[in-house]
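Asker: query_9.cif is reproduced below (mmCIF, C-alpha atoms).
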data_run
#
loop_
_atom_site.label_atom_id
_atom_site.label_comp_id
_atom_site.auth_asym_id
_atom_site.auth_seq_id
_atom_site.Cartn_x
_atom_site.Cartn_y
_atom_site.Cartn_z
CA LEU A 1 104.50 18.27 -134.10
CA GLU A 2 106.19 19.05 -137.42
CA GLY A 3 103.67 19.48 -140.21
CA SER A 4 100.66 18.92 -137.93
CA ASP A 5 97.50 20.98 -137.90
CA ALA A 6 96.94 23.62 -135.25
CA ALA A 7 95.61 22.35 -131.95
CA GLU A 8 91.89 22.53 -131.34
CA ALA A 9 90.82 25.83 -129.84
CA LEU A 10 89.98 25.72 -126.17
CA ALA A 11 87.15 28.00 -125.12
CA GLN A 12 85.52 28.44 -121.76
CA ALA A 13 82.41 30.51 -121.44
CA PRO A 14 82.77 33.02 -118.58
CA THR A 15 80.45 32.76 -115.63
CA ARG A 16 78.50 35.99 -115.42
CA THR A 17 77.68 37.34 -111.98
CA ASN A 18 74.49 39.31 -111.55
CA ASN A 19 72.67 41.31 -108.94
CA ILE A 20 69.49 43.25 -108.34
CA CYS A 21 69.02 47.00 -108.05
CA GLN A 22 67.54 47.82 -104.65
CA ILE A 23 65.42 50.88 -103.93
CA PHE A 24 66.33 52.88 -100.84
CA THR A 25 63.74 55.40 -99.76
CA ASP A 26 62.52 57.51 -96.84
CA THR A 27 59.97 60.27 -96.35
CA VAL A 28 60.13 63.68 -94.69
CA HIS A 29 56.87 65.19 -93.42
CA VAL A 30 57.04 68.60 -91.73
CA SER A 31 54.12 70.78 -90.65
CA GLY A 32 53.87 74.39 -91.77
CA THR A 33 54.32 75.55 -88.19
CA ALA A 34 57.50 73.49 -87.66
CA GLN A 35 58.92 74.86 -90.91
CA ALA A 36 58.16 78.46 -89.91
CA VAL A 37 59.43 78.30 -86.31
CA GLU A 38 63.09 79.06 -85.74
CA GLN A 39 64.51 75.92 -84.16
CA TYR A 40 67.48 76.08 -81.80
CA GLY A 41 70.64 75.13 -83.71
CA ILE A 42 68.72 74.86 -86.98
CA GLY A 43 67.03 78.17 -87.64
CA ARG A 44 64.12 78.25 -90.06
CA GLY A 45 64.44 75.23 -92.30
CA GLU A 46 63.18 72.09 -90.60
CA VAL A 47 62.57 70.40 -93.95
CA ASP A 48 66.20 70.78 -95.05
CA PHE A 49 67.41 69.60 -91.65
CA GLN A 50 65.23 66.47 -91.76
CA ILE A 51 66.37 65.73 -95.33
CA ARG A 52 70.01 65.84 -94.19
CA GLN A 53 69.25 63.51 -91.28
CA ARG A 54 67.37 61.02 -93.46
CA MET A 55 70.17 61.04 -96.05
CA VAL A 56 72.66 59.98 -93.38
CA GLU A 57 70.34 57.12 -92.39
CA LEU A 58 69.87 56.08 -96.02
CA GLY A 59 73.63 56.02 -96.49
CA ILE A 60 73.90 53.62 -93.55
CA LYS A 61 71.19 51.40 -95.06
CA VAL A 62 73.09 51.26 -98.35
CA GLU A 63 76.32 50.38 -96.55
CA LYS A 64 74.63 47.57 -94.60
CA ALA A 65 73.12 46.19 -97.81
CA ILE A 66 76.55 46.29 -99.50
CA LEU A 67 77.97 44.23 -96.64
CA ASN A 68 75.22 41.79 -95.72
CA GLY A 69 72.48 41.99 -98.35
CA ILE A 70 70.82 38.80 -99.58
CA LYS A 71 69.22 38.75 -103.01
CA GLY A 72 65.47 38.60 -102.61
CA THR A 73 62.65 38.72 -105.09
CA THR A 74 63.22 40.11 -108.58
CA THR A 75 59.88 41.89 -108.41
CA HIS A 76 58.95 44.92 -106.39
CA SER A 77 55.59 45.96 -105.03
CA ALA A 78 54.10 48.00 -102.22
CA SER A 79 54.48 45.00 -99.89
CA VAL A 80 57.53 43.15 -101.26
CA GLN A 81 60.95 44.79 -101.52
CA ARG A 82 63.49 43.85 -104.17
CA THR A 83 66.83 43.28 -102.39
CA MET A 84 70.38 42.92 -103.66
CA ASN A 85 73.23 40.57 -102.78
CA GLY A 86 75.94 42.08 -100.63
CA LEU A 87 79.60 41.22 -100.26
CA PHE A 88 78.67 38.42 -97.81
CA ALA A 89 76.80 36.56 -100.57
CA PHE A 90 79.31 37.19 -103.37
CA VAL A 91 82.60 35.95 -101.87
CA ASP A 92 83.53 32.61 -103.43
CA SER A 93 82.78 29.79 -100.99
CA GLY A 94 86.32 28.47 -101.34
CA ASN A 95 87.62 31.75 -99.91
CA VAL A 96 85.41 31.73 -96.81
CA VAL A 97 86.95 30.39 -93.59
CA ASN A 98 85.27 29.68 -90.26
CA ASN A 99 87.84 30.49 -87.58
CA SER A 100 85.89 28.40 -85.04
CA GLY A 101 86.12 30.93 -82.21
CA VAL A 102 89.93 31.06 -82.30
CA ALA A 103 91.73 34.40 -82.16
CA LEU A 104 92.78 35.86 -85.50
CA SER A 105 96.51 35.32 -86.06
CA GLN A 106 99.12 36.66 -88.43
CA ASP A 107 99.23 33.23 -90.08
CA ASN A 108 95.47 33.54 -90.73
CA VAL A 109 95.86 36.98 -92.29
CA GLU A 110 98.70 35.90 -94.55
CA ALA A 111 96.92 32.67 -95.53
CA ASP A 112 93.88 34.69 -96.60
CA LEU A 113 96.03 37.12 -98.59
CA LYS A 114 97.69 34.14 -100.27
CA LYS A 115 94.34 32.57 -101.10
CA VAL A 116 93.19 35.71 -102.91
CA PHE A 117 96.53 36.08 -104.71
CA ASP A 118 96.57 32.44 -105.83
CA ALA A 119 93.09 32.91 -107.31
CA GLY A 120 94.32 35.82 -109.45
CA GLY A 121 93.59 38.75 -107.16
CA TYR A 122 95.73 41.46 -105.60
CA PRO A 123 94.13 42.27 -102.24
CA SER A 124 94.48 45.96 -101.46
CA ILE A 125 92.19 46.29 -98.41
CA ILE A 126 91.66 44.30 -95.22
CA MET A 127 88.31 45.47 -93.86
CA SER A 128 87.06 44.75 -90.36
CA ASN A 129 85.34 46.14 -87.31
CA SER A 130 87.51 47.95 -84.75
CA THR A 131 87.91 44.74 -82.71
CA GLN A 132 89.71 42.74 -85.39
CA ASN A 133 91.43 45.84 -86.77
CA LEU A 134 93.17 46.39 -83.43
CA LYS A 135 94.24 42.74 -83.39
CA ILE A 136 95.83 43.09 -86.83
CA GLN A 137 97.61 46.29 -85.77
CA ARG A 138 99.05 44.47 -82.74
CA MET A 139 100.45 41.74 -85.01
CA TYR A 140 102.63 44.25 -86.83
CA GLU A 141 103.42 46.81 -84.12
CA SER A 142 106.93 45.41 -83.62
CA ARG A 143 107.73 45.62 -87.35
CA ILE A 144 106.95 49.11 -88.52
CA ARG A 145 108.71 52.00 -90.17
CA THR A 146 108.68 55.01 -87.86
CA GLU A 147 109.54 58.67 -87.85
CA VAL A 148 110.23 60.57 -84.65
CA ILE A 149 107.50 62.93 -83.40
CA ASP A 150 108.36 64.27 -79.96
CA ASN A 151 104.84 65.11 -78.74
CA VAL A 152 102.81 62.11 -79.97
CA GLY A 153 102.52 58.79 -78.16
CA GLY A 154 101.14 55.46 -79.28
CA LEU A 155 100.97 53.54 -82.57
CA TYR A 156 98.45 53.62 -85.38
CA ILE A 157 99.02 51.18 -88.25
CA ASN A 158 96.76 51.63 -91.26
CA GLN A 159 98.84 49.80 -93.88
CA ILE A 160 100.83 46.58 -94.02
CA MET A 161 103.12 45.08 -96.65
CA ASN A 162 101.57 42.16 -98.49
CA PRO A 163 104.04 39.25 -98.06
CA VAL A 164 102.44 37.49 -101.05
CA GLY A 165 102.84 39.37 -104.31
CA GLY A 166 104.10 42.53 -102.64
CA GLY A 167 102.34 45.86 -102.50
CA ILE A 168 100.58 47.77 -99.75
CA VAL A 169 97.38 46.53 -98.12
CA MET A 170 95.25 49.13 -96.34
CA LEU A 171 93.64 48.34 -92.98
CA LEU A 172 90.12 49.74 -93.22
CA VAL A 173 87.86 50.05 -90.16
CA ASN A 174 84.14 49.65 -90.84
CA ARG A 175 81.82 50.09 -87.87
CA ARG A 176 78.92 48.45 -89.75
CA MET A 177 80.66 45.06 -89.84
CA GLU A 178 80.21 42.24 -87.38
CA ASP A 179 83.02 42.28 -84.83
CA HIS A 180 84.03 38.66 -85.50
CA GLU A 181 84.72 38.88 -89.25
CA VAL A 182 87.37 40.14 -91.66
CA TYR A 183 87.12 40.79 -95.40
CA TYR A 184 89.97 40.90 -97.93
CA LEU A 185 89.17 43.02 -100.99
CA ASP A 186 90.64 43.51 -104.43
CA THR A 187 89.17 46.92 -105.22
CA ARG A 188 89.63 46.45 -108.99
CA PHE A 189 86.66 44.09 -109.00
CA ILE A 190 84.09 45.87 -106.85
CA ASP A 191 82.02 48.99 -107.30
CA LEU A 192 78.63 50.49 -106.55
CA GLY A 193 76.18 50.45 -109.44
CA GLU A 194 73.90 53.46 -109.56
CA LEU A 195 70.62 53.20 -111.43
CA ARG A 196 69.06 56.31 -109.86
CA PRO A 197 71.14 58.61 -107.63
CA PHE A 198 69.58 59.83 -104.41
CA HIS A 199 67.27 62.74 -105.05
CA VAL A 200 64.42 64.58 -103.37
CA LYS A 201 60.98 64.18 -104.88
CA PRO A 202 58.24 66.60 -103.71
CA LEU A 203 54.98 64.84 -102.88
CA ALA A 204 51.42 66.16 -103.09
CA GLU A 205 50.43 68.49 -100.27
CA LEU A 206 46.84 68.06 -99.12
CA GLY A 207 47.14 70.21 -96.00
CA ASP A 208 49.37 72.47 -93.94
CA TYR A 209 52.60 70.55 -94.36
CA THR A 210 55.52 69.84 -96.66
CA LYS A 211 56.12 66.24 -97.68
CA VAL A 212 59.01 64.92 -99.77
CA GLU A 213 60.39 61.50 -100.64
CA LEU A 214 64.10 60.69 -100.69
CA ILE A 215 64.81 57.89 -103.13
CA GLY A 216 67.71 56.21 -104.86
CA GLU A 217 68.39 52.84 -106.50
CA TYR A 218 71.70 51.03 -106.24
CA THR A 219 73.36 47.65 -106.52
CA LEU A 220 76.70 46.04 -105.72
CA ARG A 221 78.82 44.92 -108.67
CA ILE A 222 81.33 42.13 -108.04
CA LYS A 223 83.27 41.13 -111.16
CA ALA A 224 85.44 38.34 -109.73
CA PRO A 225 84.17 36.59 -106.57
CA LYS A 226 87.49 34.75 -106.10
CA ALA A 227 89.31 38.09 -105.74
CA PHE A 228 87.80 38.40 -102.26
CA ALA A 229 88.00 36.43 -99.03
CA ARG A 230 86.17 36.35 -95.71
CA ARG A 231 87.16 34.93 -92.35
CA TYR A 232 84.48 34.84 -89.67
CA ASN A 233 83.81 33.58 -86.15
CA CYS A 234 87.09 35.02 -84.89
CA SER A 235 87.49 35.37 -81.14
CA LEU A 236 86.74 38.80 -79.68
CA THR A 237 89.34 38.45 -76.93
#
What would the structure in this file look like if it were written as structure tokens?

Answerer:
Amino acid sequence: LEGSDAAEALAQAPTRTNNICQIFTDTVHVSGTAQAVEQYGIGRGEVDFQIRQRMVELGIKVEKAILNGIKGTTTHSASVQRTMNGLFAFVDSGNVVNNSGVALSQDNVEADLKKVFDAGGYPSIIMSNSTQNLKIQRMYESRIRTEVIDNVGGLYINQIMNPVGGGIVMLLVNRRMEDHEVYYLDTRFIDLGELRPFHVKPLAELGDYTKVELIGEYTLRIKAPKAFARRYNCSLT
């Protein structure tokens, strides 16, 4: 109004998300004899081989925690592990849909993309197990841009056009996911927090062996839970 004072300031304190750093660890213990013997396909170097194997397994553990972790105790001891929240626990409850055993449809996919967009996000990845990924590919196989290759048969669709807000959405296959669920991700608001990168720590040797610990400490950082969506209990047929 003419001559009036400025309106009262409106302020809303942001809701801060938080998580816990989780320790991931494994141990390699190799006898002196095993280290000295030339192993078929490995040569001399059993310790290095076992470290590589354990690192692959630790990577899988981290990935599973990122997907399905549930925040546990904030303390850590020899008997109680501190565990972090994964994507499953972070997605805003309003963006989680139970599909009630019905097959995933194109309408479902586009409704989920719209839900993320309406909440302020720009979904750039649809992540699922191979089962639901194939279903999504089949939805769009009649509407694709093609180029002729004479000696290749079949279709592989790894991107779709977002009908809400435009842009490309990548179809990402993740074999660690449950085969009945689908996640929609805005990658601007998710990353892996690293407190201690994976490293090899030599342990005391009290006999004829080499013993090392592999250890790292990580957490999942989600900056906007409404920029993600999850649909679960989708039919597998």

Asker: Nearest residue to Met84 of chain A out of A:Val102, A:Ile70, A:Ile125, A:Met139, using only C-alpha atoms?

Answerer: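 Nearest to Met84 of chain A: A:Ile70.
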
Asker: Write out, as CSV, each residue of segment 149-202 of chain A that has an atom at most 9 Å from segment 21-29 of chain A, together with the closest pair of atoms and their distance in Å to one decimal, counting all atoms listed in the file, rows going by chain and rising number.

Answerer:
residue,atom,partner,partner_atom,distance
A:Gly193,CA,A:Cys21,CA,8.1
A:Glu194,CA,A:Cys21,CA,8.2
A:Leu195,CA,A:Cys21,CA,7.2
A:Arg196,CA,A:Ile23,CA,8.8
A:Phe198,CA,A:Phe24,CA,8.5

Asker: Apply the PyMOL selection byres ((chain A and resi 117-122) around 8) to the displayed file and report the matching residues as a PyMOL selection string.

Answerer: chain A and resi 113-116+123-124+164-165+186+226-228

Asker: Please evaluate the PyMOL selection byres ((chain A and resi 144) around 10) against the structure above and give the resulting residues as a PDB file with C-alpha atoms, in the frame of the given file.

Answerer:
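Heads up, here's the output in selection30.pdb:
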ATOM      1  CA  TYR A 140     102.630  44.250 -86.830  1.00  0.00           C
ATOM      2  CA  GLU A 141     103.420  46.810 -84.120  1.00  0.00           C
ATOM      3  CA  SER A 142     106.930  45.410 -83.620  1.00  0.00           C
ATOM      4  CA  ARG A 143     107.730  45.620 -87.350  1.00  0.00           C
ATOM      5  CA  ARG A 145     108.710  52.000 -90.170  1.00  0.00           C
ATOM      6  CA  THR A 146     108.680  55.010 -87.860  1.00  0.00           C
ATOM      7  CA  GLU A 147     109.540  58.670 -87.850  1.00  0.00           C
ATOM      8  CA  LEU A 155     100.970  53.540 -82.570  1.00  0.00           C
ATOM      9  CA  ILE A 157      99.020  51.180 -88.250  1.00  0.00           C
ATOM     10  CA  GLN A 159      98.840  49.800 -93.880  1.00  0.00           C
ATOM     11  CA  ILE A 160     100.830  46.580 -94.020  1.00  0.00           C
ATOM     12  CA  MET A 161     103.120  45.080 -96.650  1.00  0.00           C
TER      13      MET A 161
END

Asker: Can you tell me which residues surround segment 208-222 of chain A at a distance of at most 9 Å, considering all atoms listed in the file, apart from same-chain residues fewer than 2 positions away, and format the answer as number ranges by chain?

Answerer: A: 17-35, 47, 51, 54-55, 58, 62, 65-66, 83-87, 90-91, 189-206, 224-225

Asker: Give me, please, the distance in Å between atom CA of Ser93 of chain A and atom CA of Gly166 of chain A, quoted to one decimal.

Answerer: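 Straight-line distance from atom CA of Ser93 of chain A to atom CA of Gly166 of chain A works out to 24.9 Å.
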